[in-house]
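What follows is a single structure, written as structure tokens, with notes after it.
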Amino acid sequence: MLEFDAAIVDSRQADGKWHTVLDRSAFYPTSGGQLHDTGTLNRVEVIEVIETDSGDVCHVTGREVGAVGDNIRGTVNAARRLGNHQKHTAQHILSQAFIKLAQAETVSVHLGEEYASVELSAGELSDKQLAEVETLSNQIIVDNIPVEVMFVSSDQAASMPLRKVPDRTGKIRVIRIGDLDWSACGGTHCRQTAEVSVIKLIGTEKIRGHLSVRFLAGRQALDDYRRRFDLTQALSHQLTCHINDIVGKFDKLSAENKDQRKQLAELQAKLLPMRAQELAQQIKQYGKTKLVFHVEEAGDVQMAAKLAREVVAHTEGVAVLLVGGRMVIAAHEAGGVKAGALAKELAAKTSLKGGGSDNQAQLGGANIKQADEYRRIIEELLGYE
Ligand SMILES: [Zn+2]
């Protein structure tokens with residue numbers, strides 16, 4: 001039932017929202033691992049449905065639906081309801097398939113927005129077992145077995161081959177999928193297994209010594225397939241290869257990239273003495289100290305640190321290299337300035353953070369646009385005359 005008429009029996013404000021109870025409702029409240037329905041009451045959007053302690057179905061809305069005694073029209077969101085049917089029926093099918101093929105009982109279920117999962121009594125299952133369960137489950141969908149809903153007494157329920165015997169007494173709702181599965185269950189389900197359309201296992205996780213198996217069903221699985229299809233299409237287009245070759249192509253590109261980085265590092269190492277000499281020529285005398293201050297938009301910080309050390313080996317002074325957001329400082333023993341101490345003083349006067357030893361230091365949080373200001377402060381600190 002997706003459309004219904006009812007009368008309001010209770011209406012009150014709570015936590016800035018409105019809670020409405022009706023004399024009858026087709027809205028499913030969150031319970032038994034299944035998500036609540038959404039929809040409208042007199043065109044007012046129902047954002048949540050909860051079962052109260054007294055067993056009432058409480059409809060949560062952003063504004064008032066009406067006064068006690070008012071007649072209302074309820075409409076349940078059909079797409080979300082179908083999604084819940086599919087997830088829930090898929091769970092019954094999977095729980096039975098795990099018993100048949102892996103002797104694994106379902107101990108708890110989760111039928112969420114993003115994915116659903118069953119927690120199994122088993123601690124581990126092989127990929128082969130999981131694949132067999134997935135195949136059998138999809139065969140059960142193809143077999144299009146009717147899903148029956150029955151209300152029976154607890155005595156009658158005791159004589160049925162129920163997957164789990166319920167604790168409750170009185171009238172019990174039983175969901176029967178042909179001769180495959182009998183379950184005491186209060187959730188909403190498909191009328192035929194074919195309505196589930198597809199079940200895809202998407203991962204496992206160990207919790208409390210149990211294996212939790214995540215799965216997608218129906219529309220959720222189709223949406224996921226679309227995303228993955230678009231992704232592999234885009235990758236295959238960009239890598240100009242067949243989707244079967246994407247992983248191979250990626251491995252090849254990765255290896256090439258690694259090789260090129262190695263070559264680049266070797267080249268930079270070869271060029272280092274030459275660059276150091278070039279920079280050493282920019283030297284300026286501040287007080288008793290010789291300073292080389294150099295700025296680069298981007299680059300490798302380790303390489304910059306090497307370069308700074310090489311520069312001070314030539315100048316016997318201080319070298320400050322600003323590379324992107326980092327600053328490296330190198331100081332020669334003969335220069336009378338300690339790199340770590342200079343970094344500390346600089347950090348106290350700017351937003352830079354870091355430190356180092358007497359010979360070298362590094363600071364992070366630099367802004368290349370403030371290079372002139374950094375230079376001015378360093379000049380002051382070195383005793384500009
Ligand atoms: Zn169920």
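Lettering and numbering for the structure tokens are positional, with chains as A, B, ... in the shown order, residues counted from 1 in each chain, and ligands counted from 1 in the shown order.
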
Find the residues near stretch 284-296 of chain A: any atom within 12 Å, counting only C-alpha atoms, skip ones fewer than 5 places away on the same chain, and give them as a tab-separated table (two decimals) with N, CA and C atoms, in the first residue's frame.
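Saved the output as part_20.tsv:
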chain	number	residue	atom	x	y	z
A	275	ARG	N	74.58	24.54	-10.16
A	275	ARG	CA	73.55	25.45	-9.65
A	275	ARG	C	74.04	26.13	-8.36
A	276	ALA	N	74.75	25.35	-7.55
A	276	ALA	CA	75.27	25.90	-6.30
A	276	ALA	C	76.23	27.05	-6.57
A	277	GLN	N	77.08	26.87	-7.57
A	277	GLN	CA	78.04	27.92	-7.94
A	277	GLN	C	77.32	29.17	-8.44
A	278	GLU	N	76.27	28.94	-9.23
A	278	GLU	CA	75.46	30.04	-9.77
A	278	GLU	C	74.85	30.87	-8.62
A	279	LEU	N	74.25	30.12	-7.67
A	279	LEU	CA	73.60	30.79	-6.53
A	279	LEU	C	74.63	31.50	-5.66
A	301	VAL	N	61.98	19.55	-1.82
A	301	VAL	CA	62.58	20.17	-0.64
A	301	VAL	C	63.91	19.51	-0.29
A	304	ALA	N	66.44	20.83	-2.47
A	304	ALA	CA	66.75	22.21	-2.09
A	304	ALA	C	67.70	22.23	-0.88
A	307	LEU	N	71.09	21.47	-2.06
A	307	LEU	CA	71.61	22.62	-2.80
A	307	LEU	C	72.10	23.69	-1.82
A	308	ALA	N	71.29	23.94	-0.77
A	308	ALA	CA	71.67	24.95	0.22
A	308	ALA	C	72.99	24.58	0.90
A	309	ARG	N	73.15	23.29	1.22
A	309	ARG	CA	74.40	22.83	1.85
A	309	ARG	C	75.59	23.04	0.91
A	310	GLU	N	75.35	22.74	-0.37
A	310	GLU	CA	76.40	22.89	-1.38
A	310	GLU	C	76.79	24.38	-1.53
A	311	VAL	N	75.78	25.26	-1.46
A	311	VAL	CA	76.03	26.71	-1.58
A	311	VAL	C	76.93	27.19	-0.44
A	312	VAL	N	76.58	26.79	0.80
A	312	VAL	CA	77.38	27.29	1.93
A	312	VAL	C	78.79	26.66	1.96
A	313	ALA	N	78.93	25.50	1.31
A	313	ALA	CA	80.27	24.90	1.20
A	313	ALA	C	81.17	25.83	0.39
A	314	HIS	N	80.56	26.53	-0.58
A	314	HIS	CA	81.31	27.48	-1.40
A	314	HIS	C	81.51	28.80	-0.69
A	315	THR	N	80.42	29.30	-0.04
A	315	THR	CA	80.44	30.68	0.47
A	315	THR	C	80.88	30.80	1.91
A	316	GLU	N	80.82	29.68	2.63
A	316	GLU	CA	81.10	29.68	4.08
A	316	GLU	C	80.18	30.65	4.81
A	317	GLY	N	78.96	30.82	4.31
A	317	GLY	CA	78.00	31.74	4.93
A	317	GLY	C	76.68	31.04	5.20
A	318	VAL	N	75.58	31.76	4.93
A	318	VAL	CA	74.24	31.23	5.15
A	318	VAL	C	73.50	31.19	3.81
A	319	ALA	N	72.76	30.09	3.57
A	319	ALA	CA	71.92	30.01	2.37
A	319	ALA	C	70.48	29.76	2.80
A	320	VAL	N	69.56	30.59	2.29
A	320	VAL	CA	68.13	30.41	2.58
A	320	VAL	C	67.41	30.19	1.27
A	321	LEU	N	66.79	29.02	1.13
A	321	LEU	CA	66.07	28.69	-0.10
A	321	LEU	C	64.59	28.54	0.22
A	322	LEU	N	63.77	29.32	-0.46
A	322	LEU	CA	62.32	29.23	-0.28
A	322	LEU	C	61.76	28.47	-1.47
A	323	VAL	N	61.24	27.25	-1.19
A	323	VAL	CA	60.72	26.40	-2.27
A	323	VAL	C	59.25	26.14	-1.99
A	324	GLY	N	58.38	26.78	-2.77
A	324	GLY	CA	56.94	26.64	-2.56
A	324	GLY	C	56.60	27.07	-1.14
A	325	GLY	N	56.01	26.17	-0.35
A	325	GLY	CA	55.58	26.52	1.01
A	325	GLY	C	56.63	26.21	2.07
A	326	ARG	N	57.82	25.80	1.66
A	326	ARG	CA	58.84	25.45	2.67
A	326	ARG	C	60.11	26.28	2.51
A	327	MET	N	60.80	26.46	3.62
A	327	MET	CA	62.05	27.21	3.60
A	327	MET	C	63.15	26.32	4.17
A	328	VAL	N	64.27	26.23	3.45
A	328	VAL	CA	65.41	25.48	3.99
A	328	VAL	C	66.55	26.47	4.26
A	329	ILE	N	67.22	26.24	5.37
A	329	ILE	CA	68.33	27.10	5.76
A	329	ILE	C	69.57	26.24	5.98
A	330	ALA	N	70.69	26.63	5.39
A	330	ALA	CA	71.95	25.94	5.65
A	330	ALA	C	72.95	26.99	6.13
A	331	ALA	N	73.79	26.61	7.10
A	331	ALA	CA	74.78	27.55	7.62
A	331	ALA	C	76.14	26.86	7.75
A	332	HIS	N	77.20	27.56	7.40
A	332	HIS	CA	78.56	27.01	7.50
A	332	HIS	C	79.13	27.32	8.88
A	333	GLU	N	79.90	26.39	9.42
A	333	GLU	CA	80.47	26.58	10.77
A	333	GLU	C	81.31	27.86	10.84
A	334	ALA	N	82.00	28.14	9.76
A	334	ALA	CA	82.90	29.31	9.75
A	334	ALA	C	82.14	30.64	9.70
A	335	GLY	N	80.82	30.59	9.40
A	335	GLY	CA	80.05	31.82	9.18
A	335	GLY	C	79.57	32.50	10.45
A	336	GLY	N	79.62	31.77	11.57
A	336	GLY	CA	79.22	32.37	12.84
A	336	GLY	C	77.72	32.43	13.07
A	337	VAL	N	76.93	31.86	12.17
A	337	VAL	CA	75.47	31.85	12.35
A	337	VAL	C	75.00	30.41	12.45
A	338	LYS	N	74.06	30.16	13.37
A	338	LYS	CA	73.53	28.81	13.53
A	338	LYS	C	72.16	28.73	12.86
A	339	ALA	N	72.01	27.75	11.96
A	339	ALA	CA	70.78	27.62	11.16
A	339	ALA	C	69.54	27.46	12.04
A	366	ALA	N	55.23	28.50	4.75
A	366	ALA	CA	55.68	29.73	4.08
A	366	ALA	C	54.74	30.11	2.94
A	367	ASN	N	54.66	31.40	2.70
A	367	ASN	CA	53.88	31.91	1.57
A	367	ASN	C	54.86	32.61	0.64
A	368	ILE	N	54.94	32.11	-0.58
A	368	ILE	CA	55.95	32.60	-1.52
A	368	ILE	C	55.78	34.10	-1.81
A	369	LYS	N	54.54	34.59	-1.64
A	369	LYS	CA	54.28	36.02	-1.88
A	369	LYS	C	54.94	36.90	-0.82
A	370	GLN	N	55.28	36.29	0.32
A	370	GLN	CA	55.91	37.07	1.40
A	370	GLN	C	57.43	36.94	1.39
A	371	ALA	N	57.97	36.45	0.27
A	371	ALA	CA	59.42	36.20	0.17
A	371	ALA	C	60.23	37.44	0.54
A	372	ASP	N	59.81	38.62	0.06
A	372	ASP	CA	60.56	39.86	0.34
A	372	ASP	C	60.58	40.18	1.82
A	373	GLU	N	59.42	39.91	2.46
A	373	GLU	CA	59.34	40.18	3.89
A	373	GLU	C	60.27	39.24	4.67
A	374	TYR	N	60.26	37.96	4.28
A	374	TYR	CA	61.15	36.98	4.94
A	374	TYR	C	62.61	37.45	4.79
A	375	ARG	N	62.93	37.90	3.56
A	375	ARG	CA	64.30	38.32	3.30
A	375	ARG	C	64.68	39.52	4.20
A	376	ARG	N	63.74	40.47	4.32
A	376	ARG	CA	64.00	41.66	5.12
A	376	ARG	C	64.25	41.27	6.60
A	377	ILE	N	63.41	40.36	7.12
A	377	ILE	CA	63.56	39.94	8.52
A	377	ILE	C	64.89	39.22	8.73
A	378	ILE	N	65.25	38.36	7.77
A	378	ILE	CA	66.52	37.62	7.88
A	378	ILE	C	67.70	38.60	7.86
A	379	GLU	N	67.61	39.60	6.98
A	379	GLU	CA	68.68	40.60	6.90
A	379	GLU	C	68.84	41.31	8.23
A	380	GLU	N	67.69	41.67	8.83
A	380	GLU	CA	67.72	42.34	10.14
A	380	GLU	C	68.38	41.45	11.19
A	381	LEU	N	67.96	40.18	11.18
A	381	LEU	CA	68.45	39.24	12.18
A	381	LEU	C	69.96	39.02	12.03
A	382	LEU	N	70.44	39.08	10.78
A	382	LEU	CA	71.86	38.85	10.56
A	382	LEU	C	72.68	40.10	10.86
A	383	GLY	N	72.03	41.20	11.16
A	383	GLY	CA	72.75	42.42	11.53
A	383	GLY	C	73.13	43.24	10.32
A	384	TYR	N	72.14	43.69	9.58
A	384	TYR	CA	72.35	44.49	8.40
A	384	TYR	C	73.02	45.81	8.77
A	385	GLU	N	74.05	46.13	8.03
A	385	GLU	CA	74.74	47.39	8.32
A	385	GLU	C	74.69	48.28	7.10

Would you mind listing, for every residue of chain A within 8 Å of ligand 1, the two atoms forming the shortest contact and the distance between them in Å to one decimal, using only C-alpha atoms and all ligand atoms, sorted by chain and ascending residue number, as a tab-separated table?
residue	atom	partner	partner_atom_place_in_ligand_line	distance
A:His88	CA	ligand 1	1 (Zn)	5.6
A:Thr89	CA	ligand 1	1 (Zn)	6.3
A:Gln91	CA	ligand 1	1 (Zn)	7.5
A:His92	CA	ligand 1	1 (Zn)	6.3
A:Ile175	CA	ligand 1	1 (Zn)	6.6
A:Ser183	CA	ligand 1	1 (Zn)	6.9
A:Ala184	CA	ligand 1	1 (Zn)	7.4
A:Cys185	CA	ligand 1	1 (Zn)	4.7
A:Gly186	CA	ligand 1	1 (Zn)	6.3
A:Gly187	CA	ligand 1	1 (Zn)	4.8
A:Thr188	CA	ligand 1	1 (Zn)	6.5
A:His189	CA	ligand 1	1 (Zn)	6.4

Alpha helix (DSSP H) residues, from DSSP on the backbone, in stretch 109-305 of chain A, as an NGL selection string:
:A and (127-142 or 154-158 or 218-238 or 246-280 or 301-305)

Find the residue from A:His19, A:Lys349, A:Arg219, A:Lys100 that sits nearest to A:Thr52; use only C-alpha atoms when measuring.
A:His19

Do a neighbour search on stretch 161-174 of chain A at 10 Å with only C-alpha atoms, toss out local chain neighbours closer than 2 positions, and write the hits as number ranges by chain.
A: 92, 95-96, 99, 105-107, 148-159, 176-177, 179-187

Kindly export the residues of the current selection with C-alpha atoms, as a compact mmCIF listing (two decimals), in the first residue's frame.
# COMPACT_ATOMS: atom_id res chain seq x y z
CA HIS A 92 16.36 -13.50 3.03
CA SER A 95 20.84 -15.78 4.43
CA GLN A 96 19.45 -19.04 3.03
CA ILE A 99 23.29 -21.74 5.10
CA GLU A 105 23.84 -18.63 9.93
CA THR A 106 22.85 -14.96 9.79
CA VAL A 107 23.20 -13.39 13.25
CA GLU A 148 4.11 -15.20 0.70
CA VAL A 149 3.11 -13.31 3.83
CA MET A 150 1.33 -15.34 6.55
CA PHE A 151 0.05 -14.55 10.03
CA VAL A 152 0.23 -17.59 12.32
CA SER A 153 0.02 -18.37 16.04
CA SER A 154 3.22 -19.03 17.99
CA ASP A 155 2.19 -22.73 18.19
CA GLN A 156 1.86 -22.92 14.39
CA ALA A 157 5.16 -21.07 14.02
CA ALA A 158 6.87 -23.67 16.22
CA SER A 159 5.98 -26.39 13.68
CA ARG A 176 7.80 -17.72 3.02
CA ILE A 177 9.87 -17.83 -0.15
CA ASP A 179 10.36 -24.03 -0.06
CA LEU A 180 13.57 -22.03 0.22
CA ASP A 181 13.09 -19.80 3.25
CA TRP A 182 10.63 -19.42 6.13
CA SER A 183 11.29 -16.44 8.38
CA ALA A 184 9.42 -14.67 11.14
CA CYS A 185 9.74 -11.11 9.89
CA GLY A 186 7.92 -7.78 10.15
CA GLY A 187 9.62 -6.03 7.20
